[in-house]
Amino acid sequence: MATARWPEIHDVGLIAQVRGANGTAHRGFKVLVGGGLGSLPTEAAVLADFLPEEELLPTIEAILRVFTETGNRKNKLMARLKFVPARQRLSRKLRRLVAEKRKVSQAPVEKFTVPTLTQALLERLVSARS
């Protein structure tokens, strides 16, 4: 089965995958980083051939942290991940990414509550709309 090449032209591209047999199937993603089009088309580099789904959000947050610290935010034409590897060696960037990923996964998770829709709140909302 052929896959579309679209994930390879984005800052962060993901290709969903399932590995393993029926009883031990694991869902995950192939992660591509640093692609882009425009005046300098660039094909994304493979960051991970298979990343388990539970590691996806910490990995993307780590990628964004690395870009925030190393990317060019002053020139909007250069504010893309594809320009970060051009200034730094990819291996150094990946080591930094692993360190950032460790920080993200060790950070405390903030808990939030969703307000319960009570009858009094519902009546207040309905009366406010009329």
# chains A, B, ... in the order shown; residues from 1 in each chain; ligands from 1
$ select_by_dssp --residues "stretch 13-96 of chain A" --states "helix (DSSP H, G or I)" --output "number ranges by chain"
A: 53-70, 81-87, 90-96
$ residues_around --residues "A:Val46" --least-positions-apart "4" --cutoff "9 Å" --atoms "only C-alpha atoms" --output "PDB file with N, CA and C atoms, in the first residue's frame"
ATOM      1  N   GLU A   8       5.903  14.454   4.892  1.00  0.00           N
ATOM      2  CA  GLU A   8       7.311  14.809   4.738  1.00  0.00           C
ATOM      3  C   GLU A   8       7.539  16.270   4.381  1.00  0.00           C
ATOM      4  N   LYS A  30       5.354   7.011  12.913  1.00  0.00           N
ATOM      5  CA  LYS A  30       6.640   7.376  12.346  1.00  0.00           C
ATOM      6  C   LYS A  30       6.674   8.897  12.436  1.00  0.00           C
ATOM      7  N   VAL A  31       7.730   9.459  12.997  1.00  0.00           N
ATOM      8  CA  VAL A  31       7.801  10.903  13.238  1.00  0.00           C
ATOM      9  C   VAL A  31       8.838  11.512  12.302  1.00  0.00           C
ATOM     10  N   LEU A  32       8.399  12.512  11.540  1.00  0.00           N
ATOM     11  CA  LEU A  32       9.262  13.232  10.607  1.00  0.00           C
ATOM     12  C   LEU A  32       9.339  14.689  11.047  1.00  0.00           C
ATOM     13  N   VAL A  33      10.542  15.275  10.988  1.00  0.00           N
ATOM     14  CA  VAL A  33      10.727  16.641  11.489  1.00  0.00           C
ATOM     15  C   VAL A  33      11.516  17.471  10.483  1.00  0.00           C
ATOM     16  N   GLY A  34      11.095  18.707  10.290  1.00  0.00           N
ATOM     17  CA  GLY A  34      11.879  19.680   9.537  1.00  0.00           C
ATOM     18  C   GLY A  34      11.588  19.777   8.061  1.00  0.00           C
TER      19      GLY A  34
END
$ closest_residue --among "A:Val12, A:Leu121, A:Leu64, A:Leu51" --to "A:Gly28" --atoms "only C-alpha atoms"
A:Leu51
$ residues_around --residues "stretch 78-81 of chain A" --least-positions-apart "4" --cutoff "10 Å" --atoms "only C-alpha atoms" --output "number ranges by chain"
A: 10-12, 33-36, 44, 63-64, 66-68, 70-74, 85-86
$ write_last_selection --atoms "C-alpha atoms" --output "CSV table (one decimal), in the first residue's frame"
chain,number,residue,atom,x,y,z
A,10,HIS,CA,5.5,19.6,7.3
A,11,ASP,CA,7.4,20.9,10.3
A,12,VAL,CA,6.3,17.8,12.2
A,33,VAL,CA,10.7,16.6,11.5
A,34,GLY,CA,11.9,19.7,9.5
A,35,GLY,CA,10.1,19.5,6.2
A,36,GLY,CA,8.7,22.4,4.2
A,44,ALA,CA,11.6,16.1,6.6
A,63,ILE,CA,10.3,19.4,19.5
A,64,LEU,CA,8.4,22.7,20.1
A,66,VAL,CA,13.8,22.9,21.0
A,67,PHE,CA,12.4,25.1,18.2
A,68,THR,CA,11.5,27.9,20.6
A,70,THR,CA,16.9,27.5,18.6
A,71,GLY,CA,14.5,28.7,15.9
A,72,ASN,CA,14.3,32.2,14.2
A,73,ARG,CA,11.3,34.0,15.5
A,74,LYS,CA,12.3,37.5,14.3
A,85,PRO,CA,19.0,21.7,11.1
A,86,ALA,CA,20.8,24.0,8.7
$ residues_around --residues "A:Pro52" --least-positions-apart "3" --cutoff "7 Å" --atoms "only C-alpha atoms" --output "PDB file with all heavy atoms, in the first residue's frame"
ATOM      1  N   ARG A  27       0.183   0.378  18.772  1.00  0.00           N
ATOM      2  CA  ARG A  27      -0.058   1.526  17.918  1.00  0.00           C
ATOM      3  C   ARG A  27       1.027   2.558  18.156  1.00  0.00           C
ATOM      4  O   ARG A  27       1.505   2.732  19.276  1.00  0.00           O
ATOM      5  CB  ARG A  27      -1.427   2.123  18.193  1.00  0.00           C
ATOM      6  CG  ARG A  27      -2.539   1.149  17.868  1.00  0.00           C
ATOM      7  CD  ARG A  27      -3.905   1.737  17.951  1.00  0.00           C
ATOM      8  NE  ARG A  27      -4.119   2.504  19.167  1.00  0.00           N
ATOM      9  CZ  ARG A  27      -5.277   3.031  19.525  1.00  0.00           C
ATOM     10  NH1 ARG A  27      -6.323   2.883  18.746  1.00  0.00           N
ATOM     11  NH2 ARG A  27      -5.413   3.697  20.637  1.00  0.00           N
ATOM     12  N   GLY A  28       1.409   3.237  17.089  1.00  0.00           N
ATOM     13  CA  GLY A  28       2.435   4.258  17.199  1.00  0.00           C
ATOM     14  C   GLY A  28       2.509   5.094  15.934  1.00  0.00           C
ATOM     15  O   GLY A  28       1.612   5.050  15.093  1.00  0.00           O
ATOM     16  N   PHE A  29       3.611   5.844  15.810  1.00  0.00           N
ATOM     17  CA  PHE A  29       3.764   6.775  14.703  1.00  0.00           C
ATOM     18  C   PHE A  29       5.200   6.798  14.209  1.00  0.00           C
ATOM     19  O   PHE A  29       6.135   6.669  14.995  1.00  0.00           O
ATOM     20  CB  PHE A  29       3.402   8.203  15.142  1.00  0.00           C
ATOM     21  CG  PHE A  29       1.984   8.343  15.573  1.00  0.00           C
ATOM     22  CD1 PHE A  29       1.619   8.133  16.889  1.00  0.00           C
ATOM     23  CD2 PHE A  29       1.001   8.681  14.660  1.00  0.00           C
ATOM     24  CE1 PHE A  29       0.307   8.259  17.295  1.00  0.00           C
ATOM     25  CE2 PHE A  29      -0.314   8.808  15.053  1.00  0.00           C
ATOM     26  CZ  PHE A  29      -0.666   8.600  16.371  1.00  0.00           C
ATOM     27  N   GLU A  55       3.989   8.159  23.858  1.00  0.00           N
ATOM     28  CA  GLU A  55       5.127   9.075  23.856  1.00  0.00           C
ATOM     29  C   GLU A  55       4.955  10.219  22.861  1.00  0.00           C
ATOM     30  O   GLU A  55       5.821  11.087  22.761  1.00  0.00           O
ATOM     31  CB  GLU A  55       6.412   8.308  23.529  1.00  0.00           C
ATOM     32  CG  GLU A  55       6.819   7.308  24.580  1.00  0.00           C
ATOM     33  CD  GLU A  55       8.116   6.607  24.213  1.00  0.00           C
ATOM     34  OE1 GLU A  55       8.968   7.245  23.566  1.00  0.00           O
ATOM     35  OE2 GLU A  55       8.279   5.446  24.589  1.00  0.00           O
ATOM     36  N   LEU A  56       3.849  10.242  22.130  1.00  0.00           N
ATOM     37  CA  LEU A  56       3.674  11.229  21.067  1.00  0.00           C
ATOM     38  C   LEU A  56       3.617  12.665  21.586  1.00  0.00           C
ATOM     39  O   LEU A  56       4.371  13.523  21.132  1.00  0.00           O
ATOM     40  CB  LEU A  56       2.419  10.922  20.249  1.00  0.00           C
ATOM     41  CG  LEU A  56       2.146  11.890  19.099  1.00  0.00           C
ATOM     42  CD1 LEU A  56       3.267  11.825  18.079  1.00  0.00           C
ATOM     43  CD2 LEU A  56       0.814  11.602  18.462  1.00  0.00           C
TER      44      LEU A  56
END
$ atom_distance --atom1 "atom CA of A:Pro7" --atom2 "atom CA of A:Gly23"
29.1 Å
$ decode --residues "stretch 48-86 of chain A" --atoms "N, CA and C atoms" --output "mmCIF file, in the first residue's frame"
data_model
loop_
_atom_site.group_PDB
_atom_site.id
_atom_site.type_symbol
_atom_site.label_atom_id
_atom_site.label_comp_id
_atom_site.auth_asym_id
_atom_site.auth_seq_id
_atom_site.Cartn_x
_atom_site.Cartn_y
_atom_site.Cartn_z
ATOM 1 N N ALA A 48 11.905 9.322 14.342
ATOM 2 C CA ALA A 48 11.687 7.994 14.923
ATOM 3 C C ALA A 48 10.929 7.142 13.918
ATOM 4 N N ASP A 49 11.425 5.916 13.681
ATOM 5 C CA ASP A 49 10.707 5.004 12.788
ATOM 6 C C ASP A 49 9.412 4.523 13.420
ATOM 7 N N PHE A 50 9.440 4.323 14.738
ATOM 8 C CA PHE A 50 8.229 3.912 15.445
ATOM 9 C C PHE A 50 8.258 4.501 16.843
ATOM 10 N N LEU A 51 7.301 5.354 17.125
ATOM 11 C CA LEU A 51 7.169 5.985 18.438
ATOM 12 C C LEU A 51 5.839 5.533 19.020
ATOM 13 N N PRO A 52 5.844 4.859 20.186
ATOM 14 C CA PRO A 52 4.573 4.430 20.786
ATOM 15 C C PRO A 52 3.649 5.628 21.018
ATOM 16 N N GLU A 53 2.343 5.387 20.891
ATOM 17 C CA GLU A 53 1.376 6.480 20.959
ATOM 18 C C GLU A 53 1.426 7.252 22.274
ATOM 19 N N GLU A 54 1.795 6.589 23.381
ATOM 20 C CA GLU A 54 1.832 7.301 24.661
ATOM 21 C C GLU A 54 3.012 8.266 24.755
ATOM 22 N N GLU A 55 3.989 8.159 23.858
ATOM 23 C CA GLU A 55 5.127 9.075 23.856
ATOM 24 C C GLU A 55 4.955 10.219 22.861
ATOM 25 N N LEU A 56 3.849 10.242 22.130
ATOM 26 C CA LEU A 56 3.674 11.229 21.067
ATOM 27 C C LEU A 56 3.617 12.665 21.586
ATOM 28 N N LEU A 57 2.742 12.956 22.540
ATOM 29 C CA LEU A 57 2.604 14.339 23.020
ATOM 30 C C LEU A 57 3.870 14.860 23.698
ATOM 31 N N PRO A 58 4.543 14.079 24.578
ATOM 32 C CA PRO A 58 5.795 14.590 25.123
ATOM 33 C C PRO A 58 6.854 14.847 24.045
ATOM 34 N N THR A 59 6.876 14.030 23.004
ATOM 35 C CA THR A 59 7.849 14.216 21.924
ATOM 36 C C THR A 59 7.562 15.491 21.155
ATOM 37 N N ILE A 60 6.304 15.727 20.824
ATOM 38 C CA ILE A 60 5.961 16.949 20.082
ATOM 39 C C ILE A 60 6.221 18.189 20.940
ATOM 40 N N GLU A 61 5.916 18.116 22.225
ATOM 41 C CA GLU A 61 6.202 19.255 23.106
ATOM 42 C C GLU A 61 7.701 19.506 23.184
ATOM 43 N N ALA A 62 8.501 18.442 23.214
ATOM 44 C CA ALA A 62 9.953 18.601 23.234
ATOM 45 C C ALA A 62 10.455 19.225 21.935
ATOM 46 N N ILE A 63 9.887 18.821 20.801
ATOM 47 C CA ILE A 63 10.262 19.416 19.513
ATOM 48 C C ILE A 63 9.962 20.913 19.524
ATOM 49 N N LEU A 64 8.803 21.290 20.046
ATOM 50 C CA LEU A 64 8.440 22.708 20.110
ATOM 51 C C LEU A 64 9.358 23.483 21.047
ATOM 52 N N ARG A 65 9.770 22.866 22.147
ATOM 53 C CA ARG A 65 10.701 23.536 23.064
ATOM 54 C C ARG A 65 12.052 23.777 22.401
ATOM 55 N N VAL A 66 12.541 22.787 21.676
ATOM 56 C CA VAL A 66 13.819 22.949 20.974
ATOM 57 C C VAL A 66 13.699 24.059 19.937
ATOM 58 N N PHE A 67 12.599 24.086 19.193
ATOM 59 C CA PHE A 67 12.416 25.140 18.192
ATOM 60 C C PHE A 67 12.312 26.515 18.834
ATOM 61 N N THR A 68 11.616 26.605 19.951
ATOM 62 C CA THR A 68 11.474 27.890 20.630
ATOM 63 C C THR A 68 12.837 28.448 21.022
ATOM 64 N N GLU A 69 13.748 27.570 21.461
ATOM 65 C CA GLU A 69 15.069 28.025 21.898
ATOM 66 C C GLU A 69 16.041 28.231 20.742
ATOM 67 N N THR A 70 15.909 27.474 19.643
ATOM 68 C CA THR A 70 16.909 27.538 18.579
ATOM 69 C C THR A 70 16.397 28.130 17.280
ATOM 70 N N GLY A 71 15.085 28.264 17.135
ATOM 71 C CA GLY A 71 14.522 28.746 15.881
ATOM 72 C C GLY A 71 14.579 30.256 15.742
ATOM 73 N N ASN A 72 14.314 30.734 14.542
ATOM 74 C CA ASN A 72 14.340 32.159 14.233
ATOM 75 C C ASN A 72 12.922 32.704 14.312
ATOM 76 N N ARG A 73 12.607 33.431 15.362
ATOM 77 C CA ARG A 73 11.267 34.002 15.534
ATOM 78 C C ARG A 73 11.193 35.446 15.033
ATOM 79 N N LYS A 74 12.335 36.054 14.715
ATOM 80 C CA LYS A 74 12.330 37.452 14.286
ATOM 81 C C LYS A 74 11.910 37.600 12.831
ATOM 82 N N ASN A 75 12.303 36.663 11.982
ATOM 83 C CA ASN A 75 11.972 36.711 10.565
ATOM 84 C C ASN A 75 10.928 35.642 10.292
ATOM 85 N N LYS A 76 9.711 36.041 9.978
ATOM 86 C CA LYS A 76 8.640 35.053 9.822
ATOM 87 C C LYS A 76 8.872 34.125 8.635
ATOM 88 N N LEU A 77 9.675 34.535 7.671
ATOM 89 C CA LEU A 77 9.987 33.664 6.549
ATOM 90 C C LEU A 77 10.960 32.544 6.940
ATOM 91 N N MET A 78 11.683 32.748 8.032
ATOM 92 C CA MET A 78 12.650 31.748 8.492
ATOM 93 C C MET A 78 12.167 31.026 9.751
ATOM 94 N N ALA A 79 10.949 31.306 10.192
ATOM 95 C CA ALA A 79 10.419 30.708 11.424
ATOM 96 C C ALA A 79 9.836 29.331 11.136
ATOM 97 N N ARG A 80 10.681 28.407 10.722
ATOM 98 C CA ARG A 80 10.278 27.046 10.392
ATOM 99 C C ARG A 80 11.324 26.079 10.933
ATOM 100 N N LEU A 81 10.877 24.899 11.252
ATOM 101 C CA LEU A 81 11.803 23.873 11.734
ATOM 102 C C LEU A 81 12.822 23.459 10.679
ATOM 103 N N LYS A 82 12.503 23.624 9.407
ATOM 104 C CA LYS A 82 13.434 23.193 8.361
ATOM 105 C C LYS A 82 14.722 23.995 8.377
ATOM 106 N N PHE A 83 14.716 25.176 8.983
ATOM 107 C CA PHE A 83 15.932 25.981 9.042
ATOM 108 C C PHE A 83 16.777 25.692 10.274
ATOM 109 N N VAL A 84 16.237 24.998 11.257
ATOM 110 C CA VAL A 84 17.013 24.672 12.457
ATOM 111 C C VAL A 84 18.140 23.693 12.152
ATOM 112 N N PRO A 85 17.895 22.571 11.431
ATOM 113 C CA PRO A 85 19.005 21.661 11.134
ATOM 114 C C PRO A 85 20.092 22.305 10.279
ATOM 115 N N ALA A 86 19.749 23.323 9.488
ATOM 116 C CA ALA A 86 20.754 23.985 8.668
ATOM 117 C C ALA A 86 21.785 24.714 9.522
#
